[in-house]
$ cat protein_14.txt   # compact mmCIF, C-alpha atoms
# COMPACT_ATOMS: atom_id res chain seq x y z
CA MET A 1 -6.45 -91.27 -94.81
CA SER A 2 -9.10 -89.97 -92.44
CA ASP A 3 -6.62 -88.24 -90.13
CA GLU A 4 -7.27 -84.57 -89.77
CA GLN A 5 -3.74 -83.66 -90.79
CA ASN A 6 -4.21 -85.25 -94.19
CA HIS A 7 -6.70 -82.54 -95.12
CA ASN A 8 -3.79 -80.18 -95.13
CA VAL A 9 -2.08 -79.71 -98.43
CA SER A 10 1.62 -80.08 -98.07
CA ARG A 11 3.93 -77.37 -99.33
CA ARG A 12 5.22 -79.76 -101.97
CA GLN A 13 1.70 -80.61 -103.14
CA PHE A 14 0.65 -76.95 -103.17
CA LEU A 15 3.63 -76.06 -105.31
CA THR A 16 2.99 -78.98 -107.64
CA TYR A 17 -0.63 -77.92 -108.14
CA THR A 18 0.02 -74.23 -108.64
CA LEU A 19 3.03 -74.70 -110.89
CA THR A 20 1.26 -77.31 -113.01
CA GLY A 21 -1.80 -75.06 -113.21
CA VAL A 22 0.08 -71.92 -114.19
CA GLY A 23 2.36 -73.85 -116.53
CA GLY A 24 -0.60 -75.57 -118.15
CA PHE A 25 -2.37 -72.26 -118.60
CA MET A 26 0.67 -70.71 -120.26
CA ALA A 27 1.23 -73.73 -122.50
CA ALA A 28 -2.44 -73.67 -123.52
CA GLY A 29 -2.16 -69.94 -124.27
CA ILE A 30 0.67 -70.70 -126.66
CA ILE A 31 -0.63 -73.89 -128.23
CA LEU A 32 -4.34 -73.12 -128.66
CA PRO A 33 -4.05 -70.15 -131.05
CA MET A 34 -1.63 -72.15 -133.21
CA ALA A 35 -3.85 -75.22 -133.22
CA ARG A 36 -6.91 -73.18 -134.17
CA PHE A 37 -4.83 -71.45 -136.86
CA ALA A 38 -3.78 -74.82 -138.29
CA ILE A 39 -7.22 -76.43 -138.37
CA ASP A 40 -8.91 -73.37 -139.90
CA PRO A 41 -9.55 -75.03 -143.31
CA VAL A 42 -11.60 -77.76 -141.60
CA LEU A 43 -13.76 -75.22 -139.79
CA GLN A 44 -14.30 -72.87 -142.74
CA ALA A 45 -17.98 -72.80 -143.60
CA GLU A 46 -18.40 -74.82 -146.77
CA SER A 47 -19.26 -72.44 -149.56
CA GLU A 48 -22.74 -73.01 -150.93
CA GLY A 49 -21.70 -73.84 -154.47
CA ASP A 50 -23.19 -70.94 -156.36
CA MET A 51 -25.46 -71.75 -159.27
CA LYS A 52 -23.84 -70.70 -162.52
CA ALA A 53 -25.79 -69.50 -165.58
CA VAL A 54 -25.16 -71.79 -168.55
CA THR A 55 -27.66 -71.22 -171.35
CA ASP A 56 -31.24 -70.31 -172.29
CA VAL A 57 -33.95 -72.93 -171.93
CA SER A 58 -34.93 -72.26 -175.56
CA GLU A 59 -31.55 -73.60 -176.69
CA LEU A 60 -32.25 -77.04 -175.26
CA THR A 61 -33.53 -79.99 -177.27
CA ASP A 62 -34.11 -83.60 -176.37
CA THR A 63 -30.60 -84.42 -177.62
CA PRO A 64 -27.71 -83.78 -175.18
CA GLN A 65 -25.70 -80.75 -176.27
CA ARG A 66 -22.35 -79.64 -175.02
CA PHE A 67 -22.23 -76.40 -172.97
CA ASP A 68 -19.06 -74.88 -171.51
CA PHE A 69 -19.39 -72.53 -168.60
CA SER A 70 -16.82 -70.63 -166.54
CA TYR A 71 -16.82 -69.24 -163.06
CA GLU A 72 -14.42 -67.69 -160.58
CA GLN A 73 -12.96 -70.05 -158.03
CA GLU A 74 -11.52 -68.60 -154.83
CA ASP A 75 -8.66 -70.57 -153.31
CA ALA A 76 -7.27 -68.64 -150.32
CA TRP A 77 -5.37 -65.71 -151.89
CA ASN A 78 -5.65 -67.11 -155.41
CA THR A 79 -8.69 -66.42 -157.57
CA SER A 80 -8.84 -68.25 -160.88
CA GLU A 81 -11.29 -68.89 -163.67
CA VAL A 82 -12.41 -72.48 -163.96
CA THR A 83 -14.21 -73.91 -166.99
CA GLU A 84 -16.51 -76.91 -166.76
CA THR A 85 -18.52 -78.75 -169.39
CA ALA A 86 -22.00 -80.19 -169.08
CA PHE A 87 -24.19 -82.11 -171.52
CA ILE A 88 -27.69 -80.76 -171.14
CA TYR A 89 -30.99 -81.91 -172.67
CA GLN A 90 -34.68 -81.74 -172.01
CA SER A 91 -36.44 -84.91 -170.97
CA GLY A 92 -40.14 -84.03 -170.95
CA GLU A 93 -40.54 -81.37 -168.25
CA GLU A 94 -37.23 -82.16 -166.63
CA ILE A 95 -33.89 -80.66 -167.63
CA VAL A 96 -30.97 -83.06 -167.28
CA ALA A 97 -27.37 -81.82 -167.04
CA LEU A 98 -24.64 -84.45 -166.99
CA SER A 99 -20.96 -84.04 -166.22
CA ASN A 100 -18.62 -84.93 -169.09
CA THR A 101 -16.09 -86.58 -166.78
CA CYS A 102 -15.93 -90.35 -167.29
CA THR A 103 -16.46 -92.20 -164.00
CA HIS A 104 -13.84 -94.76 -165.02
CA LEU A 105 -10.59 -92.76 -164.98
CA GLY A 106 -11.69 -89.18 -165.53
CA CYS A 107 -11.32 -88.71 -169.31
CA LYS A 108 -13.85 -86.50 -171.09
CA VAL A 109 -16.86 -88.15 -172.70
CA SER A 110 -18.98 -86.74 -175.52
CA TRP A 111 -22.37 -87.47 -176.99
CA GLY A 112 -22.58 -89.66 -180.06
CA SER A 113 -18.89 -89.43 -180.95
CA SER A 114 -18.72 -93.18 -181.64
CA SER A 115 -20.27 -93.94 -185.03
CA ASP A 116 -21.18 -97.44 -183.78
CA HIS A 117 -23.18 -96.01 -180.89
CA PRO A 118 -24.64 -92.66 -182.02
CA ASN A 119 -27.12 -92.46 -179.15
CA GLN A 120 -24.73 -92.95 -176.29
CA PHE A 121 -22.03 -91.03 -174.43
CA TYR A 122 -18.66 -92.35 -175.47
CA CYS A 123 -15.27 -92.10 -173.77
CA PRO A 124 -12.30 -92.30 -176.19
CA CYS A 125 -9.79 -93.50 -173.61
CA HIS A 126 -11.05 -97.01 -172.88
CA GLY A 127 -14.31 -97.13 -174.79
CA GLY A 128 -16.56 -96.49 -171.81
CA ARG A 129 -20.19 -95.87 -172.82
CA TYR A 130 -23.28 -94.44 -171.11
CA GLU A 131 -26.98 -94.24 -171.95
CA LYS A 132 -28.57 -90.88 -172.57
CA ASP A 133 -29.57 -90.60 -168.89
CA GLY A 134 -25.97 -91.24 -167.87
CA THR A 135 -26.34 -94.89 -166.87
CA ASN A 136 -23.12 -96.76 -167.54
CA ILE A 137 -23.42 -99.65 -169.97
CA GLU A 138 -22.67 -103.11 -168.65
CA GLY A 139 -19.47 -104.57 -170.10
CA THR A 140 -17.71 -101.21 -170.54
CA PRO A 141 -15.12 -99.94 -168.01
CA PRO A 142 -17.16 -97.33 -166.03
CA THR A 143 -18.60 -98.62 -162.75
CA GLU A 144 -21.13 -95.87 -162.05
CA PRO A 145 -23.32 -93.42 -164.01
CA LEU A 146 -22.11 -89.99 -165.13
CA HIS A 147 -22.43 -87.41 -162.37
CA LYS A 148 -25.45 -85.18 -162.54
CA TYR A 149 -25.54 -81.41 -162.03
CA GLN A 150 -28.09 -79.72 -159.81
CA VAL A 151 -30.24 -77.74 -162.24
CA GLU A 152 -32.34 -74.65 -161.67
CA VAL A 153 -34.31 -72.55 -164.15
CA ARG A 154 -34.77 -68.86 -163.40
CA GLU A 155 -36.51 -66.58 -165.93
CA GLY A 156 -35.74 -68.80 -168.88
CA THR A 157 -32.06 -69.28 -168.01
CA VAL A 158 -30.57 -72.63 -167.00
CA TYR A 159 -28.32 -72.57 -163.92
CA VAL A 160 -26.24 -75.50 -162.74
CA GLY A 161 -24.68 -76.15 -159.35
CA LYS A 162 -22.40 -78.98 -158.29
CA ALA A 163 -22.11 -82.27 -160.14
CA GLU A 164 -23.10 -85.10 -157.81
CA PRO A 165 -22.99 -88.89 -158.15
CA GLN A 166 -26.26 -90.44 -159.31
CA VAL A 167 -25.91 -93.46 -157.06
CA MET B 1 -3.96 -92.90 -114.42
CA LEU B 2 -0.97 -90.91 -115.65
CA GLN B 3 1.12 -92.41 -112.89
CA ARG B 4 0.20 -95.92 -114.05
CA VAL B 5 1.06 -95.14 -117.67
CA TYR B 6 4.39 -93.76 -116.46
CA ASP B 7 5.02 -96.81 -114.30
CA TRP B 8 4.20 -99.14 -117.16
CA VAL B 9 6.74 -97.45 -119.44
CA ASP B 10 9.28 -97.03 -116.66
CA GLU B 11 9.11 -100.70 -115.74
CA ARG B 12 10.10 -101.61 -119.28
CA LEU B 13 12.46 -98.82 -120.30
CA ASP B 14 13.76 -97.46 -117.00
CA ILE B 15 13.18 -93.85 -118.06
CA THR B 16 13.51 -92.31 -114.59
CA PRO B 17 17.32 -91.94 -114.72
CA MET B 18 17.05 -90.30 -118.15
CA TRP B 19 14.85 -87.39 -117.14
CA ARG B 20 16.48 -87.09 -113.73
CA ASP B 21 19.81 -86.68 -115.45
CA ILE B 22 18.35 -83.88 -117.58
CA ALA B 23 15.97 -82.14 -115.20
CA ASP B 24 16.61 -83.06 -111.59
CA HIS B 25 19.26 -80.70 -110.28
CA GLU B 26 19.38 -78.46 -107.28
CA VAL B 27 19.42 -74.78 -108.10
CA PRO B 28 22.35 -73.17 -106.26
CA GLU B 29 21.28 -70.59 -103.71
CA HIS B 30 22.96 -67.64 -105.43
CA VAL B 31 21.01 -68.43 -108.65
CA ASN B 32 17.62 -68.86 -106.98
CA PRO B 33 15.36 -65.79 -106.94
CA ALA B 34 13.53 -67.31 -103.96
CA HIS B 35 16.65 -66.70 -101.88
CA HIS B 36 17.89 -63.45 -103.35
CA PHE B 37 15.42 -61.66 -105.56
CA SER B 38 18.26 -60.09 -107.54
CA ALA B 39 19.05 -63.58 -108.81
CA PHE B 40 16.30 -63.10 -111.41
CA VAL B 41 19.10 -61.98 -113.73
CA TYR B 42 19.98 -65.68 -114.01
CA CYS B 43 16.62 -66.30 -115.76
CA PHE B 44 17.45 -64.57 -119.01
CA GLY B 45 19.15 -67.59 -120.58
CA GLY B 46 16.12 -69.76 -119.87
CA LEU B 47 13.80 -67.03 -121.14
CA THR B 48 15.80 -66.84 -124.36
CA PHE B 49 15.31 -70.57 -124.79
CA PHE B 50 11.60 -70.32 -123.94
CA ILE B 51 11.03 -67.64 -126.58
CA THR B 52 13.12 -69.60 -129.08
CA VAL B 53 10.73 -72.53 -128.61
CA ILE B 54 7.78 -70.21 -129.26
CA GLN B 55 9.53 -68.86 -132.37
CA ILE B 56 10.09 -72.36 -133.74
CA LEU B 57 6.49 -73.40 -133.04
CA SER B 58 4.82 -70.27 -134.43
CA GLY B 59 7.18 -70.32 -137.43
CA MET B 60 6.23 -73.92 -138.22
CA PHE B 61 2.57 -72.98 -138.20
CA LEU B 62 3.11 -69.86 -140.32
CA THR B 63 4.69 -71.92 -143.11
CA MET B 64 1.35 -73.75 -143.45
CA TYR B 65 0.07 -70.67 -145.25
CA TYR B 66 3.14 -68.72 -146.34
CA VAL B 67 4.75 -69.04 -149.79
CA PRO B 68 8.21 -67.62 -150.56
CA ASP B 69 7.42 -66.28 -154.01
CA ILE B 70 7.45 -62.68 -155.17
CA VAL B 71 3.97 -62.87 -156.69
CA ASN B 72 2.24 -64.60 -153.80
CA ALA B 73 4.30 -63.90 -150.67
CA HIS B 74 2.57 -60.71 -149.65
CA GLU B 75 -0.86 -62.01 -150.62
CA SER B 76 -0.35 -65.15 -148.54
CA VAL B 77 0.76 -63.12 -145.52
CA LYS B 78 -2.28 -60.89 -145.94
CA TYR B 79 -4.48 -63.97 -146.16
CA LEU B 80 -3.04 -65.78 -143.14
CA GLN B 81 -3.21 -62.63 -141.05
CA GLY B 82 -6.57 -61.35 -142.19
CA ASP B 83 -8.67 -64.40 -143.08
CA VAL B 84 -7.36 -67.33 -141.04
CA ALA B 85 -8.60 -67.66 -137.47
CA PHE B 86 -5.97 -66.47 -134.95
CA GLY B 87 -3.72 -65.46 -137.84
CA THR B 88 -3.05 -62.09 -136.23
CA ILE B 89 -2.09 -63.83 -132.97
CA VAL B 90 0.21 -66.44 -134.52
CA ARG B 91 1.95 -63.93 -136.75
CA GLY B 92 2.07 -61.51 -133.83
CA MET B 93 3.79 -64.11 -131.65
CA HIS B 94 6.46 -64.59 -134.30
CA HIS B 95 6.80 -60.85 -134.91
CA TRP B 96 7.10 -59.75 -131.27
CA GLY B 97 8.99 -62.85 -130.23
CA ALA B 98 11.65 -62.02 -132.81
CA SER B 99 12.37 -58.72 -131.10
CA LEU B 100 12.03 -60.13 -127.60
CA VAL B 101 14.48 -62.96 -128.20
CA ILE B 102 17.17 -60.43 -129.13
CA VAL B 103 16.42 -58.44 -125.97
CA MET B 104 16.61 -61.57 -123.83
CA ILE B 105 19.81 -62.87 -125.39
CA PHE B 106 21.37 -59.44 -124.89
CA LEU B 107 20.38 -59.31 -121.20
CA HIS B 108 21.71 -62.86 -120.79
CA THR B 109 25.00 -61.75 -122.34
CA LEU B 110 25.21 -58.78 -119.96
CA ARG B 111 24.59 -61.06 -116.96
CA VAL B 112 27.29 -63.48 -118.05
CA PHE B 113 29.67 -60.59 -118.67
CA PHE B 114 29.14 -58.75 -115.39
CA THR B 115 29.22 -61.91 -113.25
CA GLY B 116 32.42 -62.93 -115.01
CA ALA B 117 30.88 -66.28 -115.88
CA TYR B 118 32.76 -66.39 -119.19
CA LYS B 119 36.14 -66.85 -117.46
CA LYS B 120 38.13 -70.07 -117.36
CA PRO B 121 36.98 -72.84 -117.71
CA ARG B 122 33.87 -71.50 -119.53
CA GLU B 123 35.50 -69.57 -122.39
CA LEU B 124 34.26 -72.04 -125.01
CA ASN B 125 30.69 -71.64 -123.89
CA TRP B 126 31.04 -67.86 -124.30
CA VAL B 127 32.26 -68.42 -127.85
CA VAL B 128 29.30 -70.67 -128.65
CA GLY B 129 26.97 -68.11 -127.06
CA VAL B 130 28.32 -65.36 -129.29
CA LEU B 131 27.80 -67.62 -132.31
CA ILE B 132 24.19 -68.17 -131.20
CA PHE B 133 23.81 -64.39 -130.98
CA PHE B 134 25.02 -64.02 -134.58
CA VAL B 135 22.67 -66.78 -135.76
CA MET B 136 19.80 -64.96 -134.04
CA LEU B 137 20.70 -61.72 -135.82
CA GLY B 138 20.80 -63.68 -139.08
CA LEU B 139 17.37 -65.10 -138.39
CA GLY B 140 16.07 -61.60 -137.72
CA PHE B 141 17.63 -60.25 -140.92
CA THR B 142 16.38 -63.01 -143.21
CA GLY B 143 12.93 -63.20 -141.61
CA TYR B 144 12.42 -59.48 -142.05
CA LEU B 145 12.28 -59.82 -145.86
CA LEU B 146 9.68 -62.57 -145.97
CA PRO B 147 6.44 -60.50 -145.75
CA TRP B 148 7.66 -58.90 -148.99
CA ASP B 149 6.24 -55.45 -148.35
CA MET B 150 7.95 -52.08 -148.79
CA LYS B 151 9.53 -52.05 -145.33
CA ALA B 152 10.85 -55.58 -145.80
CA TYR B 153 12.23 -54.83 -149.25
CA PHE B 154 14.04 -51.62 -148.44
CA ALA B 155 15.40 -52.93 -145.14
CA THR B 156 16.96 -55.75 -147.14
CA VAL B 157 18.28 -53.31 -149.75
CA VAL B 158 20.11 -51.49 -146.96
CA GLY B 159 21.24 -54.70 -145.27
CA LEU B 160 22.72 -56.04 -148.48
CA GLN B 161 24.48 -52.71 -149.13
CA ILE B 162 26.10 -53.07 -145.72
CA ALA B 163 27.24 -56.59 -146.66
CA GLU B 164 28.54 -55.20 -149.96
CA SER B 165 30.63 -52.56 -148.18
CA VAL B 166 32.89 -55.23 -146.67
CA PRO B 167 36.36 -54.98 -148.24
CA LEU B 168 37.37 -57.65 -150.78
CA VAL B 169 34.56 -60.16 -150.27
CA GLY B 170 31.68 -57.63 -150.10
CA THR B 171 30.34 -58.05 -153.64
CA LEU B 172 30.69 -61.79 -153.40
CA THR B 173 28.80 -61.94 -150.11
CA LYS B 174 26.02 -59.79 -151.45
CA THR B 175 25.57 -61.91 -154.58
CA LEU B 176 25.66 -65.05 -152.48
CA LEU B 177 22.93 -63.73 -150.20
CA ALA B 178 20.75 -62.08 -152.82
CA GLY B 179 21.19 -64.71 -155.54
CA ASP B 180 21.92 -62.00 -158.11
CA PRO B 181 24.55 -59.26 -158.34
CA GLU B 182 22.00 -56.54 -159.12
CA ILE B 183 18.44 -57.60 -158.50
CA ILE B 184 16.80 -58.05 -155.13
CA GLY B 185 13.87 -60.19 -156.18
CA ALA B 186 12.70 -63.72 -156.82
CA GLN B 187 15.96 -65.45 -155.94
CA THR B 188 16.59 -63.24 -152.92
CA LEU B 189 13.24 -64.15 -151.43
CA THR B 190 13.62 -67.92 -151.86
CA ARG B 191 17.19 -67.82 -150.58
CA PHE B 192 16.24 -65.82 -147.53
CA PHE B 193 13.38 -68.21 -146.89
CA ALA B 194 15.63 -71.26 -147.12
CA ILE B 195 18.22 -69.63 -144.85
CA HIS B 196 15.52 -68.54 -142.41
CA VAL B 197 13.67 -71.84 -142.03
CA PHE B 198 16.34 -74.50 -142.69
CA PHE B 199 19.97 -73.41 -142.50
CA LEU B 200 19.98 -71.03 -139.54
CA PRO B 201 17.52 -73.02 -137.37
CA GLY B 202 19.65 -76.11 -138.00
CA ALA B 203 22.76 -74.24 -136.93
CA LEU B 204 20.87 -72.79 -133.97
CA LEU B 205 19.76 -76.19 -132.69
CA GLY B 206 23.29 -77.57 -132.93
CA LEU B 207 24.81 -74.57 -131.15
CA MET B 208 22.14 -74.61 -128.43
CA ALA B 209 22.79 -78.31 -127.84
CA ALA B 210 26.50 -77.54 -127.41
CA HIS B 211 25.68 -74.59 -125.14
CA PHE B 212 23.49 -76.72 -122.85
CA ILE B 213 25.79 -79.74 -122.77
CA MET B 214 28.65 -77.47 -121.74
CA ILE B 215 26.71 -75.72 -118.98
CA ARG B 216 25.62 -79.12 -117.66
CA LYS B 217 29.15 -80.44 -117.77
CA GLN B 218 30.71 -77.38 -116.09
CA GLY B 219 27.84 -76.29 -113.87
CA ILE B 220 26.70 -72.73 -113.19
CA SER B 221 29.53 -70.39 -112.21
CA GLY B 222 29.88 -69.60 -108.51
CA PRO B 223 28.58 -66.56 -106.64
CA LEU B 224 30.24 -63.17 -106.99
$ encode --input "protein_14.txt" --output "structure tokens"
Amino acid sequence: MSDEQNHNVSRRQFLTYTLTGVGGFMAAGIILPMARFAIDPVLQAESEGDMKAVTDVSELTDTPQRFDFSYEQEDAWNTSEVTETAFIYQSGEEIVALSNTCTHLGCKVSWGSSSDHPNQFYCPCHGGRYEKDGTNIEGTPPTEPLHKYQVEVREGTVYVGKAEPQV
Amino acid sequence: MLQRVYDWVDERLDITPMWRDIADHEVPEHVNPAHHFSAFVYCFGGLTFFITVIQILSGMFLTMYYVPDIVNAHESVKYLQGDVAFGTIVRGMHHWGASLVIVMIFLHTLRVFFTGAYKKPRELNWVVGVLIFFVMLGLGFTGYLLPWDMKAYFATVVGLQIAESVPLVGTLTKTLLAGDPEIIGAQTLTRFFAIHVFFLPGALLGLMAAHFIMIRKQGISGPL
């Protein structure tokens, strides 16, 4: 392979290289825009879940109370109003906002709705129960605590963000 | 590396004869633009196929965002074109390709006509080619409605009136296409969508297969 003539590119090789190159360039020009178009949802910047105003701080007590709040959700060309529910109470200085979605199978829990357990969250579907701070009670179906909202207080108003798992 | 992958597969499945049978054929001199530049007229059939492939690909990607529904159709087109990356390009490919494919198929038809390539024994392939031309026109007609804007709507109003003007079966044809004897609306849009993305492409693929099998069987017609 060290012969001088082998440094020459044969006509066949030259054609192979140029045709593959040009063909590859054209194919890429067709495929790349479509691929980028298809994967757009993955590359969309994740929206910083806006904080939504829920209630006044003065409304809160040390017992969890139910608060419904609505916000606009943008889904491509469809904008809709979504309503969520949080149980919010004051624990000393801290404000705790818990999601009302049971971590077992997604039913809606409420505070003190079981007369046997007035100081717990209770889920009517399978009898799942949680402590006031959201911790699931051993021996009931849920396997993790109620999800907790990010909370922010601005000028006496309570704002919540996304509900996140406690563990 | 690629060569070794190929060899590995070839050793087991003997794929070389398969692709050689499809792709490895000498181009006759009178069809090769390298010999006579005027032979470029023989490229229009291949160009039609090339653009058809682009149409199928870009159309597949467009349906990722498009919905055939009178409330959302226009909004979804606006979204995919305005907010999705490269949306303008992908929709543009489908839009311009649609016109270009008609131009190419027409030039191909002219070439076949003026070189007399439709004569015995290739009459059947001419018939299939004309059917492909009609399917293409159908694809253009049904696709035109899908953006669901004013131009789309009124073009379809006119198109359906033309269908209605056919003696005897006109009204029937119109109702069959529009899904309603009077209204051009919800049912028209879903029907046109179904025809555009399932029925006609299916027919097109079948007809193209027949077209290519026949040209392979009979070979390209001789020089003038």
$ interface_residues --input "protein_14.txt" --of "chain B" --to "chain A" --cutoff "6 Å" --atoms "only C-alpha atoms" --output "list in words"
Glu75, Ala85 and Phe86 of chain B
$ residues_around --input "protein_14.txt" --residues "region 161-176 of chain B" --least-positions-apart "4" --cutoff "12 Å" --atoms "only C-alpha atoms" --output "number ranges by chain"
B: 141, 154-157, 180-185, 187-188, 191-192, 195
$ residues_around --input "protein_14.txt" --residues "Ala210 (chain B)" --least-positions-apart "3" --cutoff "12 Å" --atoms "all atoms listed in the file" --output "list in words"
Leu124, Asn125, Trp126, Val127, Val128, Gly129, Leu131, Ile132, Ala203, Leu204, Leu205, Gly206, Leu207, Ile213, Met214, Ile215, Arg216 and Lys217 of chain B
$ atom_distance --input "protein_14.txt" --atom1 "CA of Pro121 (chain B)" --atom2 "CA of Ser221 (chain B)"
9.6 Å
$ residues_around --input "protein_14.txt" --residues "Val112 (chain B)" --least-positions-apart "3" --cutoff "10 Å" --atoms "only C-alpha atoms" --output "list in words"
Val41, Tyr42, Phe44, Gly45, Phe106, Leu107, His108, Thr109, Thr115, Gly116, Ala117, Tyr118, Lys119, Trp126 and Ser221 of chain B
$ write_last_selection --input "protein_14.txt" --atoms "C-alpha atoms" --output "compact mmCIF listing (two decimals), in the frame of the given file"
# COMPACT_ATOMS: atom_id res chain seq x y z
CA VAL B 41 19.10 -61.98 -113.73
CA TYR B 42 19.98 -65.68 -114.01
CA PHE B 44 17.45 -64.57 -119.01
CA GLY B 45 19.15 -67.59 -120.58
CA PHE B 106 21.37 -59.44 -124.89
CA LEU B 107 20.38 -59.31 -121.20
CA HIS B 108 21.71 -62.86 -120.79
CA THR B 109 25.00 -61.75 -122.34
CA THR B 115 29.22 -61.91 -113.25
CA GLY B 116 32.42 -62.93 -115.01
CA ALA B 117 30.88 -66.28 -115.88
CA TYR B 118 32.76 -66.39 -119.19
CA LYS B 119 36.14 -66.85 -117.46
CA TRP B 126 31.04 -67.86 -124.30
CA SER B 221 29.53 -70.39 -112.21
$ closest_residue --input "protein_14.txt" --among "A:Pro165, A:Gly23, A:Gly139, A:Gly156" --to "Asp56 (chain A)" --atoms "only C-alpha atoms"
A:Gly156
$ atom_distance --input "protein_14.txt" --atom1 "CA of Gln218 (chain B)" --atom2 "CA of Ala39 (chain B)"
19.5 Å
$ residues_around --input "protein_14.txt" --residues "Ala97 (chain A)" --least-positions-apart "6" --cutoff "10 Å" --atoms "only C-alpha atoms" --output "list in words"
Pro64, Gln65, Arg66, Phe67, Thr85, Ala86, Phe87, Ile88, Tyr89, Gln90, Asp133, Gly134, Leu146, His147, Lys148, Tyr149, Gln150, Val151, Val158, Tyr159, Val160, Gly161 and Ala163 of chain A
$ residues_near_point --input "protein_14.txt" --point "(-30.2, -92.0, -175.8)" --cutoff "7 Å" --atoms "all atoms listed in the file" --output "PyMOL selection string"
chain A and resi 119-120+131-132
$ atom_distance --input "protein_14.txt" --atom1 "CA of Thr83 (chain A)" --atom2 "CA of Phe69 (chain A)"
5.6 Å
$ closest_residue --input "protein_14.txt" --among "B:Leu189, B:Leu200, B:Asp83, B:His95" --to "Phe134 (chain B)" --atoms "only C-alpha atoms"
B:Leu200
